[in-house]
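Peer 1: Can you keep this structure in mind? I'll have questions shortly.
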Amino acid sequence: MYRFNGTLPQISQTMPLRNSCFSLVLLCLAQFALSQTYISETIYFDSDQATLRSNVLPVLKTLCVQSLAASDYEVLIKAHTDQDGSLDYNMNLAQARAKSVADFLKVQGLHNSQMTIQSYGETNLISDDDCASCKQRNRRVQIEIQLYHFQNISDALSSLETSYTTVEEVIPNPLSAQEVQFLSGLTLDIPANAFEYKDGTPIGKETITLTLKEAYEYGDMLKFQLHTMSDGHPLESGGMVQLEAKAKGKPLTLQKGKSLEISFPASEVSEGMTVFMGNMDAGSLDWEDTGSTVSIEDDSPFIEIDLHLLDSLVAENYQAPTDPSLQMIHAKPAKPKKPYPPSSKIYYGDKYKELHEKYLRKKESYDLEVMNYPARKKKWDKAVEERLRKIYGHYSAMQLEKVRSSFIRQTSRALERRERVSHDLIIKFLTHQASRKYESVDYNITLAMKTAFGKYANEVSLDYVPAFTSKTHFNYTREFLASVSIILQKLSKAVKKKRIEIVGFDDQSSLRRYVFTTTELGWINVDKLRKRIPGEMTSFALSTASHQQQAYLIYKDIKSMLSLSGTGTPLQIPKNERVRLVVIEMRGNKMFMESLDFLSGEITSTKVGSLKKCSRKDLMKAFDIS
């Protein structure tokens, strides 16, 4: 399903139209901004230190007080160091500084789940000069906090990050037939002279402003306070749009006998959909079946670009490093064993003298071993480190070679199908293959350690293995990965350019479409009615939800979200469906929520228990908003 990327859309037009007007979008954004507050502070650290200075504690406490007073908050902690020391050391130091800040904020009452830590080390210097003041400016942690302020449940739902958009399109010549195409992929076929004022007065040549709202996911439905119910029956939704038209600020309607054809893309489609119109009687939305059928079209274009760059990649020659010897290294030096003098109470005369002389010889040898032991131990540790470097370097390289070989095999197979498969799908598939992570080493570590170190294997520290493997990744794969990245970027640009040439806009989702007509303006829903079939339906009631709460029943396998009134009236729903009950309540300016997953039919009635305080992230997770 089409997802809005968070930027204001630019309209792609197939007929001469005036520039799009986004006043309504800006108004919505302005209203949303009023419910948010952004605060930021930067604190500094001493050289080579992660301990908080005493003078920053009041600053952090103030941030905590402001955060806890808001309805919700999200904290971003960005940690930095100066350029002294190695890259690895500075990255660890930055992480330690971020942890110091996070730990202090947690003690003050902020939740760990609402904090995000980003450690940059020395990679984002304010100044790379070596002066003391410049280095001090680099030794910093930035705390950025987004505060949210809710007065009611609607405010909380409006703060969710969703894909919905509100766009206005200006039609300068309503007397001629036009096709309007939006960046989302939704198109409108408008017949000539289609609109009139609601009192039946013709509009003549007046310019028309057409407003489109789109709601495809649960988050979009929540934004617009929508649900998928018709006369108490659940609906399976394929997507909802709202169309409104105005001329000279007055609302318009379609003339009798006129209809609009609407087409919008969907990543997944379902047969048997019909068109429902939103009815707002008594201020409550209900969907009415218009009887208009919905057809499914697949107009995905065949994208064909020059793929010779992939041919060169497949032909690239690569030699993996040779297998190092895994024979056991020399024995670990034993710690010197201190000798003890003989007891004069046990041994007498010549016997004591003999044992004492023997002790003196051992003591002399022990003193020499103690003096030489650090050098011998250091030599052994160095040999161990070098052995680990070779072992992990080799097997990490082998794993990378396995991934590289697999990628080349997949590329070869994809190229064999280039005549039958659209090239944009080939590039999409290969981009996914190339994005695989390379950190894992597919190797029996225990066996390798025993082979290399024998009985000392358990004494060998693995703390520095990640550093070895990451260095190996860089050494053995940098050229290959760089060439893959460059090639796929070039081909992706070529695909995008070709797609725009063919369809007029860049939409990387599947272009399977729902196509239907409407003779009315307002909220329109492409739905499938979940009919009451004897034996396949069950009842469900939420018996104790108060009027201060809002409750929703969400289907996990179909796009359907039911709004529960809280009156206790049983709702007829299909059996054996995975559903989630979500109950939301505002107490003061804080959100509380309860979530329960179950199989419909197993539970016919439930009571709302103790709701727990929740954040926006908890709410988004409950409604499967990514």
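We name chains A, B, ... following the order of the structure tokens; residues begin at 1 in each chain, and ligands are numbered from 1 as shown.
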Quick one: residues within 10 Å of range 606-614 of chain A, only C-alpha atoms counted, chain neighbours fewer than 3 positions away excluded, as a CSV table (one decimal) with all heavy atoms, in the first residue's frame?
Peer 2:
```csv
chain,number,residue,atom,x,y,z
A,71,SER,N,2.7,15.3,28.4
A,71,SER,CA,1.9,14.1,28.2
A,71,SER,C,2.8,12.9,27.7
A,71,SER,O,2.6,11.8,28.1
A,71,SER,CB,0.8,14.3,27.1
A,71,SER,OG,-0.1,15.3,27.5
A,72,ASP,N,3.8,13.2,26.9
A,72,ASP,CA,4.7,12.2,26.5
A,72,ASP,C,6.0,12.9,26.0
A,72,ASP,O,6.0,14.1,25.8
A,72,ASP,CB,4.0,11.4,25.3
A,72,ASP,CG,4.8,10.1,25.0
A,72,ASP,OD1,5.6,9.7,25.9
A,72,ASP,OD2,4.5,9.5,23.9
A,540,PHE,N,-19.1,-10.6,20.5
A,540,PHE,CA,-18.1,-10.1,21.4
A,540,PHE,C,-18.6,-8.8,21.9
A,540,PHE,O,-19.2,-8.0,21.2
A,540,PHE,CB,-16.8,-9.9,20.6
A,540,PHE,CG,-15.8,-9.2,21.5
A,540,PHE,CD1,-15.1,-10.0,22.4
A,540,PHE,CD2,-15.5,-7.9,21.4
A,540,PHE,CE1,-14.1,-9.4,23.3
A,540,PHE,CE2,-14.5,-7.3,22.3
A,540,PHE,CZ,-13.9,-8.1,23.2
A,541,ALA,N,-18.4,-8.6,23.2
A,541,ALA,CA,-18.9,-7.4,23.9
A,541,ALA,C,-17.8,-7.0,24.9
A,541,ALA,O,-17.1,-7.8,25.6
A,541,ALA,CB,-20.2,-7.7,24.6
A,542,LEU,N,-17.6,-5.7,25.0
A,542,LEU,CA,-16.7,-5.0,26.0
A,542,LEU,C,-17.6,-4.5,27.0
A,542,LEU,O,-18.3,-3.5,26.8
A,542,LEU,CB,-15.8,-4.0,25.3
A,542,LEU,CG,-14.8,-3.3,26.2
A,542,LEU,CD1,-13.8,-4.3,26.7
A,542,LEU,CD2,-14.1,-2.2,25.5
A,543,SER,N,-17.7,-5.1,28.2
A,543,SER,CA,-18.8,-4.8,29.1
A,543,SER,C,-18.5,-3.6,30.0
A,543,SER,O,-19.5,-3.0,30.5
A,543,SER,CB,-19.0,-6.1,30.0
A,543,SER,OG,-17.8,-6.4,30.7
A,544,THR,N,-17.3,-3.2,30.3
A,544,THR,CA,-17.1,-2.2,31.3
A,544,THR,C,-16.3,-1.0,30.8
A,544,THR,O,-15.8,-0.2,31.6
A,544,THR,CB,-16.4,-2.8,32.5
A,544,THR,OG1,-15.1,-3.3,32.1
A,544,THR,CG2,-17.2,-3.9,33.2
A,545,ALA,N,-16.2,-0.8,29.5
A,545,ALA,CA,-15.5,0.4,29.0
A,545,ALA,C,-16.4,1.7,29.3
A,545,ALA,O,-17.6,1.7,29.1
A,545,ALA,CB,-15.3,0.3,27.5
A,546,SER,N,-15.8,2.7,29.9
A,546,SER,CA,-16.5,3.9,30.3
A,546,SER,C,-16.5,4.8,29.1
A,546,SER,O,-15.9,4.6,28.1
A,546,SER,CB,-15.8,4.6,31.5
A,546,SER,OG,-14.5,5.1,31.1
A,551,ALA,N,-12.3,2.3,22.6
A,551,ALA,CA,-11.8,0.9,22.5
A,551,ALA,C,-11.9,0.5,21.0
A,551,ALA,O,-12.9,0.9,20.3
A,551,ALA,CB,-12.7,0.0,23.3
A,568,GLY,N,-21.7,-2.3,26.1
A,568,GLY,CA,-21.9,-3.7,26.4
A,568,GLY,C,-22.7,-4.5,25.4
A,568,GLY,O,-22.9,-5.7,25.5
A,581,LEU,N,-7.7,-6.4,21.0
A,581,LEU,CA,-8.5,-5.4,21.7
A,581,LEU,C,-7.5,-4.3,22.3
A,581,LEU,O,-6.6,-4.6,23.0
A,581,LEU,CB,-9.3,-6.0,22.8
A,581,LEU,CG,-10.1,-5.0,23.7
A,581,LEU,CD1,-11.2,-4.4,22.9
A,581,LEU,CD2,-10.7,-5.8,24.9
A,582,VAL,N,-7.8,-3.1,21.9
A,582,VAL,CA,-7.0,-1.9,22.4
A,582,VAL,C,-8.0,-1.0,23.1
A,582,VAL,O,-8.9,-0.5,22.4
A,582,VAL,CB,-6.2,-1.2,21.3
A,582,VAL,CG1,-5.4,-0.1,21.9
A,582,VAL,CG2,-5.3,-2.2,20.6
A,583,VAL,N,-7.7,-0.7,24.4
A,583,VAL,CA,-8.6,0.3,25.1
A,583,VAL,C,-7.7,1.4,25.5
A,583,VAL,O,-6.6,1.2,26.1
A,583,VAL,CB,-9.2,-0.4,26.3
A,583,VAL,CG1,-10.1,0.6,27.1
A,583,VAL,CG2,-10.0,-1.6,25.9
A,584,ILE,N,-8.1,2.7,25.2
A,584,ILE,CA,-7.3,3.9,25.5
A,584,ILE,C,-8.1,4.8,26.4
A,584,ILE,O,-9.3,4.9,26.3
A,584,ILE,CB,-7.0,4.6,24.2
A,584,ILE,CG1,-6.4,3.7,23.2
A,584,ILE,CG2,-6.0,5.8,24.5
A,584,ILE,CD1,-6.3,4.3,21.8
A,585,GLU,N,-7.4,5.4,27.4
A,585,GLU,CA,-8.1,6.3,28.3
A,585,GLU,C,-7.1,7.5,28.6
A,585,GLU,O,-5.9,7.3,28.7
A,585,GLU,CB,-8.5,5.6,29.6
A,585,GLU,CG,-9.2,6.5,30.6
A,585,GLU,CD,-9.6,5.7,31.8
A,585,GLU,OE1,-10.2,4.7,31.7
A,585,GLU,OE2,-9.2,6.1,32.9
A,586,MET,N,-7.6,8.7,28.8
A,586,MET,CA,-6.8,9.8,29.2
A,586,MET,C,-7.1,10.1,30.7
A,586,MET,O,-8.3,10.2,31.1
A,586,MET,CB,-7.1,11.1,28.4
A,586,MET,CG,-6.6,11.0,27.0
A,586,MET,SD,-4.8,11.0,26.8
A,586,MET,CE,-4.4,12.6,27.5
A,587,ARG,N,-6.1,10.2,31.5
A,587,ARG,CA,-6.2,10.6,32.9
A,587,ARG,C,-5.4,11.9,33.1
A,587,ARG,O,-4.2,11.8,33.1
A,587,ARG,CB,-5.8,9.5,33.8
A,587,ARG,CG,-6.6,8.2,33.7
A,587,ARG,CD,-6.0,7.1,34.5
A,587,ARG,NE,-6.7,5.8,34.3
A,587,ARG,CZ,-6.3,4.7,34.8
A,587,ARG,NH1,-5.3,4.6,35.6
A,587,ARG,NH2,-7.0,3.6,34.5
A,590,LYS,N,-2.2,12.4,30.7
A,590,LYS,CA,-1.4,11.2,30.5
A,590,LYS,C,-2.3,10.1,29.8
A,590,LYS,O,-3.5,10.0,30.1
A,590,LYS,CB,-0.9,10.6,31.8
A,590,LYS,CG,0.0,11.6,32.6
A,590,LYS,CD,1.3,12.0,31.9
A,590,LYS,CE,2.1,12.9,32.7
A,590,LYS,NZ,3.4,13.3,32.1
A,591,MET,N,-1.7,9.3,28.9
A,591,MET,CA,-2.4,8.2,28.3
A,591,MET,C,-2.2,6.9,29.0
A,591,MET,O,-1.2,6.6,29.6
A,591,MET,CB,-1.8,8.0,26.9
A,591,MET,CG,-2.1,9.0,25.9
A,591,MET,SD,-1.6,8.6,24.2
A,591,MET,CE,0.2,8.5,24.5
A,592,PHE,N,-3.3,6.1,29.1
A,592,PHE,CA,-3.3,4.8,29.7
A,592,PHE,C,-3.9,3.8,28.6
A,592,PHE,O,-4.8,4.2,27.9
A,592,PHE,CB,-4.1,4.8,31.0
A,592,PHE,CG,-3.4,5.5,32.1
A,592,PHE,CD1,-3.5,6.9,32.2
A,592,PHE,CD2,-2.7,4.8,33.1
A,592,PHE,CE1,-2.8,7.6,33.2
A,592,PHE,CE2,-2.1,5.5,34.1
A,592,PHE,CZ,-2.1,6.9,34.1
A,593,MET,N,-3.4,2.6,28.6
A,593,MET,CA,-3.9,1.7,27.6
A,593,MET,C,-3.8,0.2,28.1
A,593,MET,O,-3.0,-0.1,29.0
A,593,MET,CB,-3.0,1.8,26.4
A,593,MET,CG,-3.3,0.9,25.2
A,593,MET,SD,-2.1,1.0,23.9
A,593,MET,CE,-0.7,0.2,24.6
A,594,GLU,N,-4.7,-0.6,27.6
A,594,GLU,CA,-4.6,-2.0,27.8
A,594,GLU,C,-4.8,-2.7,26.4
A,594,GLU,O,-5.6,-2.3,25.5
A,594,GLU,CB,-5.8,-2.5,28.7
A,594,GLU,CG,-5.7,-4.0,28.9
A,594,GLU,CD,-6.8,-4.5,29.9
A,594,GLU,OE1,-7.7,-3.8,30.2
A,594,GLU,OE2,-6.6,-5.7,30.3
A,595,SER,N,-4.0,-3.8,26.2
A,595,SER,CA,-4.0,-4.5,24.9
A,595,SER,C,-4.1,-6.0,25.1
A,595,SER,O,-3.4,-6.5,26.0
A,595,SER,CB,-2.7,-4.2,24.1
A,595,SER,OG,-2.7,-4.9,22.9
A,596,LEU,N,-5.0,-6.6,24.4
A,596,LEU,CA,-5.2,-8.1,24.6
A,596,LEU,C,-5.4,-8.7,23.2
A,596,LEU,O,-6.2,-8.3,22.4
A,596,LEU,CB,-6.5,-8.3,25.4
A,596,LEU,CG,-7.0,-9.7,25.6
A,596,LEU,CD1,-5.9,-10.5,26.4
A,596,LEU,CD2,-8.3,-9.8,26.3
A,603,ILE,N,-13.3,-15.9,23.2
A,603,ILE,CA,-13.7,-14.9,24.2
A,603,ILE,C,-15.0,-14.2,23.7
A,603,ILE,O,-14.9,-13.7,22.5
A,603,ILE,CB,-12.7,-13.9,24.6
A,603,ILE,CG1,-11.4,-14.6,25.2
A,603,ILE,CG2,-13.2,-12.9,25.6
A,603,ILE,CD1,-10.3,-13.6,25.5
A,617,LYS,N,4.9,5.5,21.5
A,617,LYS,CA,5.5,4.4,20.9
A,617,LYS,C,4.7,3.1,21.2
A,617,LYS,O,4.5,2.2,20.4
A,617,LYS,CB,6.9,4.2,21.4
A,617,LYS,CG,7.9,5.3,20.8
A,617,LYS,CD,9.3,5.0,21.2
A,617,LYS,CE,10.3,6.0,20.6
A,617,LYS,NZ,11.7,5.8,21.0
A,618,ASP,N,4.2,3.0,22.5
A,618,ASP,CA,3.3,1.9,22.9
A,618,ASP,C,2.1,1.9,22.1
A,618,ASP,O,1.6,0.8,21.7
A,618,ASP,CB,3.0,2.0,24.4
A,618,ASP,CG,4.2,1.9,25.3
A,618,ASP,OD1,5.2,1.2,24.9
A,618,ASP,OD2,4.2,2.5,26.3
A,619,LEU,N,1.5,3.0,21.9
A,619,LEU,CA,0.2,3.1,21.1
A,619,LEU,C,0.5,2.7,19.7
A,619,LEU,O,-0.3,2.0,19.1
A,619,LEU,CB,-0.3,4.6,21.2
A,619,LEU,CG,-1.8,4.8,21.0
A,619,LEU,CD1,-2.6,4.0,22.1
A,619,LEU,CD2,-2.1,6.2,21.2
```
Peer 1: Would you mind reading off the distance between CA of Glu401 in chain A and CA of Asp311 in chain A, one decimal, in Å?
Peer 2: 18.8 Å
Peer 1: Just the residues within 8 Å of range 524-529 of chain A, please, counting only C-alpha atoms, with nothing from its chain fewer than 3 positions along; format it as a PyMOL selection string.
Peer 2: chain A and resi 233-243+272-278+287+294+521
Peer 1: Take the residues from that selection and write them out as a CSV table (one decimal), in the first residue's frame, keeping N, CA, C and O atoms.
Peer 2:
```
chain,number,residue,atom,x,y,z
A,233,HIS,N,-21.7,-4.5,11.2
A,233,HIS,CA,-21.0,-5.6,10.5
A,233,HIS,C,-19.6,-5.2,10.3
A,233,HIS,O,-19.4,-4.0,9.8
A,234,PRO,N,-18.6,-6.0,10.5
A,234,PRO,CA,-17.2,-5.7,10.1
A,234,PRO,C,-17.0,-5.7,8.6
A,234,PRO,O,-17.6,-6.5,7.9
A,235,LEU,N,-16.1,-4.8,8.2
A,235,LEU,CA,-15.7,-4.7,6.8
A,235,LEU,C,-14.2,-4.9,6.7
A,235,LEU,O,-13.5,-4.6,7.6
A,236,GLU,N,-13.8,-5.5,5.6
A,236,GLU,CA,-12.4,-5.7,5.3
A,236,GLU,C,-12.1,-4.6,4.3
A,236,GLU,O,-12.6,-4.5,3.1
A,237,SER,N,-11.2,-3.6,4.7
A,237,SER,CA,-11.0,-2.4,3.9
A,237,SER,C,-9.8,-2.6,3.0
A,237,SER,O,-8.8,-3.2,3.3
A,238,GLY,N,-9.9,-2.0,1.8
A,238,GLY,CA,-8.8,-2.0,0.9
A,238,GLY,C,-8.2,-0.6,0.8
A,238,GLY,O,-7.2,-0.4,0.1
A,239,GLY,N,-8.9,0.4,1.5
A,239,GLY,CA,-8.4,1.8,1.5
A,239,GLY,C,-9.5,2.7,1.5
A,239,GLY,O,-10.6,2.5,0.9
A,240,MET,N,-9.3,3.9,2.1
A,240,MET,CA,-10.3,4.9,2.2
A,240,MET,C,-9.8,6.2,1.7
A,240,MET,O,-8.6,6.6,1.9
A,241,VAL,N,-10.6,7.0,0.9
A,241,VAL,CA,-10.2,8.3,0.5
A,241,VAL,C,-11.4,9.2,0.7
A,241,VAL,O,-12.6,8.8,0.7
A,242,GLN,N,-11.1,10.5,0.9
A,242,GLN,CA,-12.2,11.5,1.0
A,242,GLN,C,-12.0,12.5,-0.1
A,242,GLN,O,-10.9,13.1,-0.3
A,243,LEU,N,-13.0,12.8,-0.9
A,243,LEU,CA,-13.0,13.8,-1.9
A,243,LEU,C,-14.0,14.9,-1.6
A,243,LEU,O,-15.1,14.6,-1.3
A,272,GLY,N,-13.6,-9.2,-4.8
A,272,GLY,CA,-14.9,-9.1,-4.2
A,272,GLY,C,-15.2,-7.8,-3.5
A,272,GLY,O,-16.1,-7.8,-2.7
A,273,MET,N,-14.4,-6.8,-3.7
A,273,MET,CA,-14.6,-5.5,-3.0
A,273,MET,C,-15.7,-4.7,-3.7
A,273,MET,O,-16.0,-4.9,-4.9
A,274,THR,N,-16.4,-4.0,-2.9
A,274,THR,CA,-17.4,-3.0,-3.4
A,274,THR,C,-17.2,-1.7,-2.7
A,274,THR,O,-16.4,-1.5,-1.8
A,275,VAL,N,-17.9,-0.7,-3.2
A,275,VAL,CA,-17.7,0.7,-2.8
A,275,VAL,C,-18.7,1.1,-1.7
A,275,VAL,O,-19.9,0.8,-1.9
A,276,PHE,N,-18.2,1.6,-0.6
A,276,PHE,CA,-19.1,2.1,0.5
A,276,PHE,C,-18.8,3.6,0.7
A,276,PHE,O,-17.7,4.1,0.6
A,277,MET,N,-19.9,4.3,1.0
A,277,MET,CA,-19.9,5.7,1.2
A,277,MET,C,-20.0,6.0,2.7
A,277,MET,O,-20.8,5.3,3.4
A,278,GLY,N,-19.3,7.0,3.3
A,278,GLY,CA,-19.4,7.3,4.7
A,278,GLY,C,-20.6,8.1,5.0
A,278,GLY,O,-20.8,9.2,4.4
A,287,TRP,N,-20.7,3.2,7.3
A,287,TRP,CA,-20.5,2.9,5.9
A,287,TRP,C,-21.7,2.3,5.3
A,287,TRP,O,-22.2,1.3,5.8
A,294,VAL,N,-15.9,-3.0,-7.6
A,294,VAL,CA,-14.5,-2.6,-7.8
A,294,VAL,C,-13.8,-3.6,-8.6
A,294,VAL,O,-13.8,-4.8,-8.4
A,521,LEU,N,-19.5,12.7,-3.5
A,521,LEU,CA,-18.3,13.1,-2.9
A,521,LEU,C,-18.4,12.8,-1.4
A,521,LEU,O,-19.5,12.7,-0.8
```
Peer 1: Quick one: everything within 8 Å of Thr81 in chain A, counting only C-alpha atoms, minus sequence neighbours fewer than 4 positions away in the same chain. Send it as a list of chain:residue names.
Peer 2: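 Everything that qualifies: A:Asn90, A:Met91, A:Leu93, A:Ala94, A:Tyr120, A:Gly121, A:Glu122, A:Leu125, A:Asn138, A:Arg139, A:Arg140.
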Peer 1: Please produce a file of the residues just selected, as a tab-separated table (two decimals), in the first residue's frame, where the atoms kept are C-alpha atoms.
Peer 2:
```tsv
chain	number	residue	atom	x	y	z
A	90	ASN	CA	36.69	7.20	21.12
A	91	MET	CA	33.61	5.27	20.03
A	93	LEU	CA	34.22	6.64	25.23
A	94	ALA	CA	31.24	8.26	23.46
A	120	TYR	CA	29.49	9.25	17.03
A	121	GLY	CA	32.92	9.13	18.68
A	122	GLU	CA	35.21	11.54	16.83
A	125	LEU	CA	33.74	17.13	15.19
A	138	ASN	CA	33.96	18.38	20.80
A	139	ARG	CA	33.72	16.53	24.13
A	140	ARG	CA	29.95	16.83	24.29
```
Peer 1: For Met115 in chain A, please output as an NGL selection string all residues within 10 Å (counting only C-alpha atoms; exclusion window: fewer than 3 positions along the same chain).
Peer 2: :A and (73-77 or 102 or 105-106 or 110-112 or 143-145)
Peer 1: Give me the residues near Val515 in chain A as a PyMOL selection string, where near means some atom within 6 Å (using only C-alpha atoms) and where sequence neighbours in that chain fewer than 4 positions away do not count.
Peer 2: chain A and resi 262-263+294-295
Peer 1: Quick one, how far is CA of Leu52 in chain A from CA of Gln146 in chain A?
Peer 2: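 We find that CA of Leu52 in chain A and CA of Gln146 in chain A lie 22.7 Å from each other.
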Peer 1: Give me the residues within 12 Å of Asp82 in chain A as a compact mmCIF listing (two decimals) with N, CA, C and O atoms, in the first residue's frame, counting only C-alpha atoms and dropping any in the same chain fewer than 3 places off.
Peer 2:
```txt
# COMPACT_ATOMS: atom_id res chain seq x y z
N TYR A 44 29.04 19.12 28.47
CA TYR A 44 30.42 18.86 28.10
C TYR A 44 31.11 18.00 29.16
O TYR A 44 30.69 17.95 30.32
N PHE A 45 32.20 17.35 28.73
CA PHE A 45 32.93 16.41 29.59
C PHE A 45 34.41 16.78 29.63
O PHE A 45 34.94 17.42 28.72
N ASP A 46 35.05 16.32 30.70
CA ASP A 46 36.49 16.48 30.80
C ASP A 46 37.18 15.51 29.85
O ASP A 46 36.60 14.50 29.43
N SER A 47 38.43 15.80 29.55
CA SER A 47 39.19 14.95 28.64
C SER A 47 39.30 13.52 29.17
O SER A 47 39.61 13.30 30.35
N ASP A 48 38.99 12.55 28.29
CA ASP A 48 39.11 11.14 28.60
C ASP A 48 38.19 10.70 29.74
O ASP A 48 38.46 9.71 30.40
N GLN A 49 37.11 11.45 29.98
CA GLN A 49 36.21 11.15 31.08
C GLN A 49 34.78 10.98 30.58
O GLN A 49 34.36 11.61 29.62
N ALA A 79 26.20 11.38 21.44
CA ALA A 79 27.46 11.50 22.19
C ALA A 79 28.65 11.63 21.24
O ALA A 79 28.72 10.95 20.21
N GLY A 85 43.17 9.95 20.66
CA GLY A 85 42.92 8.52 20.83
C GLY A 85 42.50 7.87 19.52
O GLY A 85 42.26 8.52 18.50
N SER A 86 42.38 6.53 19.55
CA SER A 86 42.01 5.78 18.35
C SER A 86 40.51 5.88 18.09
O SER A 86 39.73 6.27 18.97
N LEU A 87 40.09 5.46 16.89
CA LEU A 87 38.67 5.49 16.54
C LEU A 87 37.85 4.59 17.47
O LEU A 87 36.78 4.98 17.96
N TYR A 89 38.63 3.49 20.48
CA TYR A 89 38.61 4.00 21.86
C TYR A 89 37.61 5.14 22.00
O TYR A 89 36.84 5.20 22.96
N ASN A 90 37.60 6.06 21.03
CA ASN A 90 36.69 7.20 21.12
C ASN A 90 35.23 6.79 20.96
O ASN A 90 34.34 7.39 21.55
N MET A 91 34.98 5.74 20.16
CA MET A 91 33.61 5.27 20.03
C MET A 91 33.14 4.69 21.37
O MET A 91 32.01 4.94 21.81
N LEU A 93 34.33 5.53 24.29
CA LEU A 93 34.22 6.64 25.23
C LEU A 93 32.91 7.40 25.02
O LEU A 93 32.24 7.78 25.98
N ALA A 94 32.52 7.59 23.76
CA ALA A 94 31.24 8.26 23.46
C ALA A 94 30.08 7.45 24.01
O ALA A 94 29.12 7.99 24.59
N TYR A 120 28.76 8.85 18.23
CA TYR A 120 29.49 9.25 17.03
C TYR A 120 31.01 9.20 17.21
O TYR A 120 31.75 9.27 16.23
N GLY A 121 31.47 9.10 18.47
CA GLY A 121 32.92 9.13 18.68
C GLY A 121 33.49 10.44 18.18
O GLY A 121 32.99 11.51 18.46
N GLU A 122 34.56 10.35 17.37
CA GLU A 122 35.21 11.54 16.83
C GLU A 122 34.79 11.81 15.38
O GLU A 122 35.42 12.61 14.68
N THR A 123 33.71 11.16 14.92
CA THR A 123 33.33 11.25 13.51
C THR A 123 32.55 12.52 13.17
O THR A 123 32.29 12.79 12.00
N ASN A 124 32.13 13.29 14.17
CA ASN A 124 31.33 14.49 13.90
C ASN A 124 31.86 15.65 14.73
O ASN A 124 31.19 16.18 15.62
N LEU A 125 33.08 16.06 14.43
CA LEU A 125 33.74 17.13 15.19
C LEU A 125 33.16 18.50 14.84
O LEU A 125 32.83 18.77 13.68
N ILE A 126 33.02 19.33 15.85
CA ILE A 126 32.66 20.74 15.61
C ILE A 126 33.85 21.46 14.99
O ILE A 126 33.70 22.27 14.08
N SER A 127 35.04 21.13 15.50
CA SER A 127 36.27 21.71 14.96
C SER A 127 37.37 20.66 15.08
O SER A 127 37.46 19.96 16.09
N ASP A 128 38.19 20.54 14.04
CA ASP A 128 39.28 19.57 14.08
C ASP A 128 40.62 20.21 14.46
O ASP A 128 41.67 19.59 14.32
N ASP A 129 40.58 21.45 14.96
CA ASP A 129 41.80 22.09 15.44
C ASP A 129 42.26 21.43 16.74
O ASP A 129 41.47 20.84 17.48
N ASP A 130 43.57 21.57 17.02
CA ASP A 130 44.14 20.94 18.21
C ASP A 130 44.13 21.85 19.44
O ASP A 130 44.67 21.47 20.48
N CYS A 131 43.55 23.02 19.33
CA CYS A 131 43.55 23.91 20.49
C CYS A 131 42.67 23.33 21.59
O CYS A 131 41.72 22.59 21.34
N ALA A 132 42.96 23.69 22.84
CA ALA A 132 42.25 23.13 24.00
C ALA A 132 40.77 23.47 23.97
O ALA A 132 39.91 22.62 24.26
N SER A 133 40.43 24.69 23.61
CA SER A 133 39.02 25.09 23.60
C SER A 133 38.25 24.36 22.52
O SER A 133 37.07 24.02 22.69
N CYS A 134 38.90 24.08 21.37
CA CYS A 134 38.25 23.34 20.29
C CYS A 134 37.95 21.91 20.71
O CYS A 134 36.85 21.38 20.46
N LYS A 135 38.92 21.29 21.37
CA LYS A 135 38.71 19.92 21.83
C LYS A 135 37.61 19.87 22.89
O LYS A 135 36.82 18.93 22.94
N GLN A 136 37.54 20.89 23.74
CA GLN A 136 36.51 20.94 24.76
C GLN A 136 35.12 20.99 24.12
O GLN A 136 34.18 20.34 24.58
N ARG A 137 34.98 21.75 23.05
CA ARG A 137 33.69 21.85 22.37
C ARG A 137 33.29 20.51 21.75
O ARG A 137 32.10 20.22 21.61
N ASN A 138 34.27 19.69 21.40
CA ASN A 138 33.96 18.38 20.80
C ASN A 138 33.56 17.34 21.84
O ASN A 138 32.85 16.39 21.50
N ARG A 139 34.03 17.52 23.07
CA ARG A 139 33.72 16.53 24.13
C ARG A 139 32.33 16.83 24.68
O ARG A 139 32.19 17.44 25.75
N ARG A 140 31.31 16.39 23.98
CA ARG A 140 29.95 16.83 24.29
C ARG A 140 28.95 15.69 24.12
O ARG A 140 29.20 14.70 23.43
N VAL A 141 27.80 15.89 24.78
CA VAL A 141 26.62 15.05 24.56
C VAL A 141 25.44 15.98 24.36
O VAL A 141 25.19 16.87 25.18
```
Peer 1: I need the strand (DSSP E) residues of range 103-324 of chain A per DSSP on the backbone, written as number ranges by chain.
Peer 2: A: 115-121, 140-148, 165-171, 178-181, 187-190, 195-197, 208-215, 229-230, 233-247, 250-254, 260-265, 274-279, 286-293, 295-298
Peer 1: Pick from A:Thr211, A:Gln548, A:Ser343, A:Ser563: nearest to Val170 in chain A, with only C-alpha atoms counted?
Peer 2: A:Thr211
Peer 1: Take CA of Gly204 in chain A and CA of Ala192 in chain A and report the distance between them in Å, one decimal.
Peer 2: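 Atom-to-atom, CA of Gly204 in chain A to CA of Ala192 in chain A, that is 11.3 Å.
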Peer 1: Counting only C-alpha atoms, figure out which residue out of A:Lys205, A:His356, A:Lys363, A:Arg418 gets nearest to Lys248 in chain A.
Peer 2: A:Lys205
